Amino acid sequence: MHLISFVLAVLVLAQHAWSLPADIDRESVLDITLSQVGNTQIKAVVKNIGQEEVTFVHLNFFRDISPVKKVVVYQNNAEITFEGIKRRIKLQGLTADVLTTLGVGKTIEDVFDIAATTDLSHGGSLTLHSSGSVPLVRDGVVFGHVPYRSNRLKIEVDADKASQIIKAIPTLERRTQMTCDNLQPQQFAARDGSADKFNEYFKTTNDSVRAVVAARLDAVAREANSTTSATTYYCSDEYGYCESNVLAYTIPARNAIANCDLYYSYLPELARSCHYQDRATTSLHEFTHAPGFYSPGTEDLRYGYAASTALQSREAVMNADTYALYANAIYLNC
């Protein structure tokens with residue numbers, strides 16, 4: 001794959017300042033009840049315990065049929081590596097097929113197999129939990145986030161049965177890596193630039209946090225320009241997990257990134273306004289997910305400027321979109 005060299009300044013959410021109100025309070029609006037229905041099969045019942053009907057994106061959440069991270073799996077108080085995908089979606093013009101509307105007191109259900117995305121070959125006692133937030137949608141546009149939280153489910157897994165479950169992600173040959181460069185302005189700013197600008201996105205001016213952010217951006221720059229990189233960047237949907245509204249995805253356990261058709265047809269190479277999505281920022285977002293060159297990889301805790309800048313510092317440092325927004329702000333002087 002060949003890409004024009006980018007200054008990796010990312011624009012995340014196609015939004016105007018007036019279009020994103022404050023997020024719904026961190027008190028859970030969606031209550032998740034997890035239960036074991038098979039050896040490694042889990043049932044999730046999602047209930048709206050809030051005071052109003054909500055419409056949200058169910059990609060990267062329950063009801064998503066792709067191998068996304070629906071629960072965190074722990075054994076002996078340590079998280080077992082997730083082997084599925086993290087997908088980036090467009091945040092305007094969302095179509096009905098990726099949206100779920102849930103009235104007050106109403107529920108939806110989802111059944112999935114954790115052995116398809118987690119190595120459970122050793123079996124034994126496990127603890128499952130799920131928490132976070134999902135994007136709220138109005139008129140096809142993300143305008144906020146709604147928090148969710150589950151019970152902590154303890155289960156016993158039979159190792160032999162778990163080993164028979166087919167893994168969701170196939171093994172592919174390595175392909176051409178993407179090249180990107182010109183990251184120096186963002187890296188310099190992370191260490192020595194405006195403290196106010198850094199605080200806007202990462203909610204601190206602490207030198208150690210600035211060093212972490214700069215180190216991650218440095219690592220992305222080296223990885224994107226390396227000819228012997230740890231990450232494989234596919235130009236197209238080699239694993240088959242693109243669908244409507246999906247721009248790109250990462251498989252952290254494989255250090256693999258893949259672009260979807262929308263990456264090319266929907267996104268400009270570089271946006272000219274603050275906080276809009278483009279190819280460069282989408283690539284940066286995905287690179288930060290991959291742990292092969294900088295560990296741990298980031299999560300998708302929040303999308304967009306208003307939601308991402310509402311995170312606490314410890315969350316912002318682990319949020320992929322925060323890096324994208326910050327780089328964009330430095331590049332465009334937002």
# chains A, B, ... in the order shown; residues from 1 in each chain; ligands from 1
$ select_by_dssp --residues "region 46-164 of chain A" --states "alpha helix (DSSP H)" --output "mmCIF file with all heavy atoms, in the first residue's frame"
data_model
loop_
_atom_site.group_PDB
_atom_site.id
_atom_site.type_symbol
_atom_site.label_atom_id
_atom_site.label_comp_id
_atom_site.auth_asym_id
_atom_site.auth_seq_id
_atom_site.Cartn_x
_atom_site.Cartn_y
_atom_site.Cartn_z
ATOM 1 N N ALA A 159 -11.259 -26.792 30.042
ATOM 2 C CA ALA A 159 -10.202 -26.471 29.086
ATOM 3 C C ALA A 159 -10.364 -27.220 27.769
ATOM 4 O O ALA A 159 -10.169 -26.646 26.685
ATOM 5 C CB ALA A 159 -8.842 -26.773 29.700
ATOM 6 N N ASP A 160 -10.712 -28.509 27.820
ATOM 7 C CA ASP A 160 -10.835 -29.308 26.601
ATOM 8 C C ASP A 160 -11.946 -28.769 25.706
ATOM 9 O O ASP A 160 -11.784 -28.634 24.482
ATOM 10 C CB ASP A 160 -11.097 -30.771 26.947
ATOM 11 C CG ASP A 160 -9.879 -31.442 27.586
ATOM 12 O OD1 ASP A 160 -8.754 -30.960 27.338
ATOM 13 O OD2 ASP A 160 -10.067 -32.432 28.323
ATOM 14 N N LYS A 161 -13.065 -28.442 26.301
ATOM 15 C CA LYS A 161 -14.175 -27.906 25.514
ATOM 16 C C LYS A 161 -13.826 -26.531 24.943
ATOM 17 O O LYS A 161 -14.163 -26.225 23.800
ATOM 18 C CB LYS A 161 -15.431 -27.804 26.379
ATOM 19 C CG LYS A 161 -16.034 -29.140 26.775
ATOM 20 C CD LYS A 161 -17.281 -28.948 27.617
ATOM 21 C CE LYS A 161 -17.900 -30.285 28.009
ATOM 22 N NZ LYS A 161 -19.111 -30.105 28.869
ATOM 23 N N ALA A 162 -13.155 -25.713 25.739
ATOM 24 C CA ALA A 162 -12.784 -24.372 25.275
ATOM 25 C C ALA A 162 -11.824 -24.455 24.097
ATOM 26 O O ALA A 162 -11.882 -23.636 23.169
ATOM 27 C CB ALA A 162 -12.154 -23.585 26.418
ATOM 28 N N SER A 163 -10.946 -25.439 24.100
ATOM 29 C CA SER A 163 -9.952 -25.581 23.039
ATOM 30 C C SER A 163 -10.578 -25.973 21.705
ATOM 31 O O SER A 163 -9.948 -25.820 20.650
ATOM 32 C CB SER A 163 -8.904 -26.631 23.444
ATOM 33 O OG SER A 163 -8.206 -26.220 24.596
#
$ closest_atom_pairs --of "region 197-313 of chain A" --to "region 121-136 of chain A" --cutoff "8 Å" --atoms "only C-alpha atoms" --output "Markdown table"
| residue | atom | partner | partner_atom | distance |
| --- | --- | --- | --- | --- |
| A:Leu301 | CA | A:Gly132 | CA | 6.7 |
| A:Arg302 | CA | A:Ser133 | CA | 7.2 |
| A:Tyr303 | CA | A:Pro135 | CA | 7.5 |
$ write_last_selection --atoms "all heavy atoms" --output "PDB file, in the first residue's frame"
ATOM      1  N   LEU A 301     -12.325   4.359  24.527  1.00  0.00           N
ATOM      2  CA  LEU A 301     -13.142   4.752  25.675  1.00  0.00           C
ATOM      3  C   LEU A 301     -14.188   5.783  25.286  1.00  0.00           C
ATOM      4  O   LEU A 301     -15.330   5.732  25.753  1.00  0.00           O
ATOM      5  CB  LEU A 301     -12.242   5.302  26.787  1.00  0.00           C
ATOM      6  CG  LEU A 301     -11.171   4.346  27.299  1.00  0.00           C
ATOM      7  CD1 LEU A 301     -10.307   5.031  28.358  1.00  0.00           C
ATOM      8  CD2 LEU A 301     -11.789   3.067  27.852  1.00  0.00           C
ATOM      9  N   ARG A 302     -13.817   6.740  24.469  1.00  0.00           N
ATOM     10  CA  ARG A 302     -14.741   7.768  23.992  1.00  0.00           C
ATOM     11  C   ARG A 302     -14.344   8.200  22.587  1.00  0.00           C
ATOM     12  O   ARG A 302     -13.177   8.115  22.199  1.00  0.00           O
ATOM     13  CB  ARG A 302     -14.710   9.007  24.907  1.00  0.00           C
ATOM     14  CG  ARG A 302     -15.175   8.752  26.340  1.00  0.00           C
ATOM     15  CD  ARG A 302     -16.674   8.572  26.430  1.00  0.00           C
ATOM     16  NE  ARG A 302     -17.090   8.222  27.774  1.00  0.00           N
ATOM     17  CZ  ARG A 302     -17.439   9.108  28.705  1.00  0.00           C
ATOM     18  NH1 ARG A 302     -17.387  10.406  28.433  1.00  0.00           N
ATOM     19  NH2 ARG A 302     -17.831   8.722  29.900  1.00  0.00           N
ATOM     20  N   TYR A 303     -15.331   8.684  21.837  1.00  0.00           N
ATOM     21  CA  TYR A 303     -15.111   9.229  20.503  1.00  0.00           C
ATOM     22  C   TYR A 303     -15.471  10.711  20.487  1.00  0.00           C
ATOM     23  O   TYR A 303     -16.464  11.120  21.085  1.00  0.00           O
ATOM     24  CB  TYR A 303     -15.984   8.516  19.468  1.00  0.00           C
ATOM     25  CG  TYR A 303     -15.517   7.135  19.074  1.00  0.00           C
ATOM     26  CD1 TYR A 303     -16.098   5.998  19.635  1.00  0.00           C
ATOM     27  CD2 TYR A 303     -14.509   6.967  18.131  1.00  0.00           C
ATOM     28  CE1 TYR A 303     -15.688   4.733  19.260  1.00  0.00           C
ATOM     29  CE2 TYR A 303     -14.097   5.703  17.750  1.00  0.00           C
ATOM     30  CZ  TYR A 303     -14.692   4.588  18.318  1.00  0.00           C
ATOM     31  OH  TYR A 303     -14.278   3.340  17.947  1.00  0.00           O
TER      32      TYR A 303
END
$ closest_residue --among "A:Val317, A:Leu311, A:Val72, A:Val46" --to "Ser208 (chain A)" --atoms "only C-alpha atoms"
A:Val317
$ atom_distance --atom1 "CA of Glu83 (chain A)" --atom2 "CA of Arg216 (chain A)"
21.8 Å
$ select_by_dssp --residues "region 109-245 of chain A" --states "strand (DSSP E or B)" --output "PyMOL selection string"
chain A and resi 109-113+118+124-129+131-138+141-150+153-157+232-234
$ atom_distance --atom1 "CA of Phe287 (chain A)" --atom2 "CA of Gly84 (chain A)"
15.6 Å
$ decode --residues "region 106-152 of chain A" --atoms "N, CA and C atoms" --output "CSV table (one decimal), in the first residue's frame"
chain,number,residue,atom,x,y,z
A,106,LYS,N,-36.7,-1.3,28.9
A,106,LYS,CA,-36.7,-2.3,27.9
A,106,LYS,C,-35.3,-3.0,27.9
A,107,THR,N,-35.2,-4.1,27.3
A,107,THR,CA,-34.0,-4.9,27.3
A,107,THR,C,-33.7,-5.4,25.9
A,108,ILE,N,-32.4,-5.7,25.6
A,108,ILE,CA,-32.0,-6.5,24.5
A,108,ILE,C,-31.0,-7.6,25.0
A,109,GLU,N,-30.9,-8.7,24.2
A,109,GLU,CA,-30.0,-9.8,24.7
A,109,GLU,C,-29.0,-10.1,23.6
A,110,ASP,N,-27.9,-10.6,24.0
A,110,ASP,CA,-26.8,-11.0,23.1
A,110,ASP,C,-26.1,-12.2,23.8
A,111,VAL,N,-25.9,-13.2,22.9
A,111,VAL,CA,-25.1,-14.4,23.3
A,111,VAL,C,-23.9,-14.5,22.5
A,112,PHE,N,-22.7,-14.7,23.1
A,112,PHE,CA,-21.5,-14.8,22.4
A,112,PHE,C,-20.5,-15.8,23.2
A,113,ASP,N,-19.5,-16.2,22.5
A,113,ASP,CA,-18.6,-17.2,23.0
A,113,ASP,C,-17.2,-16.5,23.3
A,114,ILE,N,-16.8,-16.4,24.5
A,114,ILE,CA,-15.5,-15.7,24.8
A,114,ILE,C,-14.3,-16.5,24.4
A,115,ALA,N,-14.5,-17.8,24.1
A,115,ALA,CA,-13.3,-18.6,23.7
A,115,ALA,C,-12.9,-18.3,22.3
A,116,ALA,N,-13.8,-17.6,21.5
A,116,ALA,CA,-13.5,-17.3,20.1
A,116,ALA,C,-12.5,-16.1,20.1
A,117,THR,N,-12.4,-15.3,21.2
A,117,THR,CA,-11.6,-14.2,21.2
A,117,THR,C,-10.6,-14.1,22.4
A,118,THR,N,-10.5,-15.2,23.1
A,118,THR,CA,-9.6,-15.3,24.3
A,118,THR,C,-9.1,-16.7,24.3
A,119,ASP,N,-7.8,-16.8,24.7
A,119,ASP,CA,-7.2,-18.2,24.9
A,119,ASP,C,-7.6,-18.7,26.2
A,120,LEU,N,-8.5,-19.7,26.2
A,120,LEU,CA,-9.0,-20.3,27.4
A,120,LEU,C,-8.6,-21.8,27.5
A,121,SER,N,-7.5,-22.1,26.8
A,121,SER,CA,-7.0,-23.5,26.7
A,121,SER,C,-6.6,-24.1,28.0
A,122,HIS,N,-6.3,-23.2,29.0
A,122,HIS,CA,-6.0,-23.7,30.4
A,122,HIS,C,-7.2,-23.9,31.3
A,123,GLY,N,-8.3,-23.4,30.8
A,123,GLY,CA,-9.5,-23.5,31.6
A,123,GLY,C,-9.4,-22.9,33.0
A,124,GLY,N,-10.3,-23.4,33.9
A,124,GLY,CA,-10.2,-22.9,35.3
A,124,GLY,C,-11.2,-21.8,35.6
A,125,SER,N,-10.9,-21.1,36.7
A,125,SER,CA,-11.8,-20.1,37.2
A,125,SER,C,-11.6,-18.7,36.5
A,126,LEU,N,-12.6,-18.1,36.1
A,126,LEU,CA,-12.5,-16.8,35.4
A,126,LEU,C,-13.5,-15.8,36.0
A,127,THR,N,-13.2,-14.6,35.8
A,127,THR,CA,-14.1,-13.5,36.2
A,127,THR,C,-14.3,-12.6,35.0
A,128,LEU,N,-15.6,-12.3,34.7
A,128,LEU,CA,-16.0,-11.5,33.6
A,128,LEU,C,-16.6,-10.2,34.0
A,129,HIS,N,-16.3,-9.1,33.3
A,129,HIS,CA,-16.9,-7.8,33.7
A,129,HIS,C,-17.0,-7.0,32.4
A,130,SER,N,-17.9,-6.0,32.4
A,130,SER,CA,-18.0,-5.1,31.3
A,130,SER,C,-18.4,-3.7,31.8
A,131,SER,N,-17.7,-2.7,31.3
A,131,SER,CA,-18.1,-1.3,31.7
A,131,SER,C,-17.5,-0.4,30.6
A,132,GLY,N,-18.1,0.8,30.5
A,132,GLY,CA,-17.7,1.8,29.6
A,132,GLY,C,-18.8,2.7,29.1
A,133,SER,N,-18.8,3.1,27.9
A,133,SER,CA,-19.9,3.9,27.3
A,133,SER,C,-20.0,3.7,25.9
A,134,VAL,N,-21.2,3.9,25.4
A,134,VAL,CA,-21.5,3.8,23.9
A,134,VAL,C,-22.0,5.1,23.4
A,135,PRO,N,-21.7,5.4,22.1
A,135,PRO,CA,-22.1,6.6,21.5
A,135,PRO,C,-23.6,6.8,21.3
A,136,LEU,N,-24.1,7.9,21.8
A,136,LEU,CA,-25.5,8.2,21.6
A,136,LEU,C,-25.7,8.9,20.2
A,137,VAL,N,-26.8,8.6,19.5
A,137,VAL,CA,-27.0,9.1,18.2
A,137,VAL,C,-28.4,9.8,18.1
A,138,ARG,N,-28.4,10.9,17.4
A,138,ARG,CA,-29.6,11.6,17.0
A,138,ARG,C,-29.5,12.1,15.6
A,139,ASP,N,-30.5,11.8,14.8
A,139,ASP,CA,-30.5,12.1,13.3
A,139,ASP,C,-29.2,11.6,12.6
A,140,GLY,N,-28.7,10.5,13.0
A,140,GLY,CA,-27.6,9.9,12.4
A,140,GLY,C,-26.2,10.4,12.8
A,141,VAL,N,-26.2,11.3,13.8
A,141,VAL,CA,-25.0,11.9,14.3
A,141,VAL,C,-24.7,11.6,15.7
A,142,VAL,N,-23.5,11.2,16.1
A,142,VAL,CA,-23.1,11.0,17.5
A,142,VAL,C,-23.1,12.4,18.2
A,143,PHE,N,-23.8,12.4,19.3
A,143,PHE,CA,-23.9,13.7,20.1
A,143,PHE,C,-23.6,13.5,21.5
A,144,GLY,N,-23.2,12.4,22.0
A,144,GLY,CA,-22.9,12.2,23.4
A,144,GLY,C,-22.6,10.7,23.6
A,145,HIS,N,-22.4,10.3,24.9
A,145,HIS,CA,-22.2,8.9,25.2
A,145,HIS,C,-23.0,8.5,26.4
A,146,VAL,N,-23.4,7.3,26.5
A,146,VAL,CA,-24.2,6.8,27.6
A,146,VAL,C,-23.4,5.6,28.3
A,147,PRO,N,-23.2,5.7,29.6
A,147,PRO,CA,-22.4,4.7,30.3
A,147,PRO,C,-23.1,3.4,30.6
A,148,TYR,N,-22.4,2.4,30.7
A,148,TYR,CA,-22.9,1.1,31.0
A,148,TYR,C,-22.0,0.3,32.0
A,149,ARG,N,-22.6,-0.6,32.7
A,149,ARG,CA,-21.8,-1.4,33.7
A,149,ARG,C,-22.5,-2.7,33.9
A,150,SER,N,-21.7,-3.8,34.1
A,150,SER,CA,-22.3,-5.1,34.3
A,150,SER,C,-22.0,-5.6,35.7
A,151,ASN,N,-22.6,-6.7,36.1
A,151,ASN,CA,-22.2,-7.5,37.3
A,151,ASN,C,-20.8,-8.2,37.0
A,152,ARG,N,-20.2,-8.6,38.1
A,152,ARG,CA,-19.0,-9.4,37.9
A,152,ARG,C,-19.4,-10.9,38.0
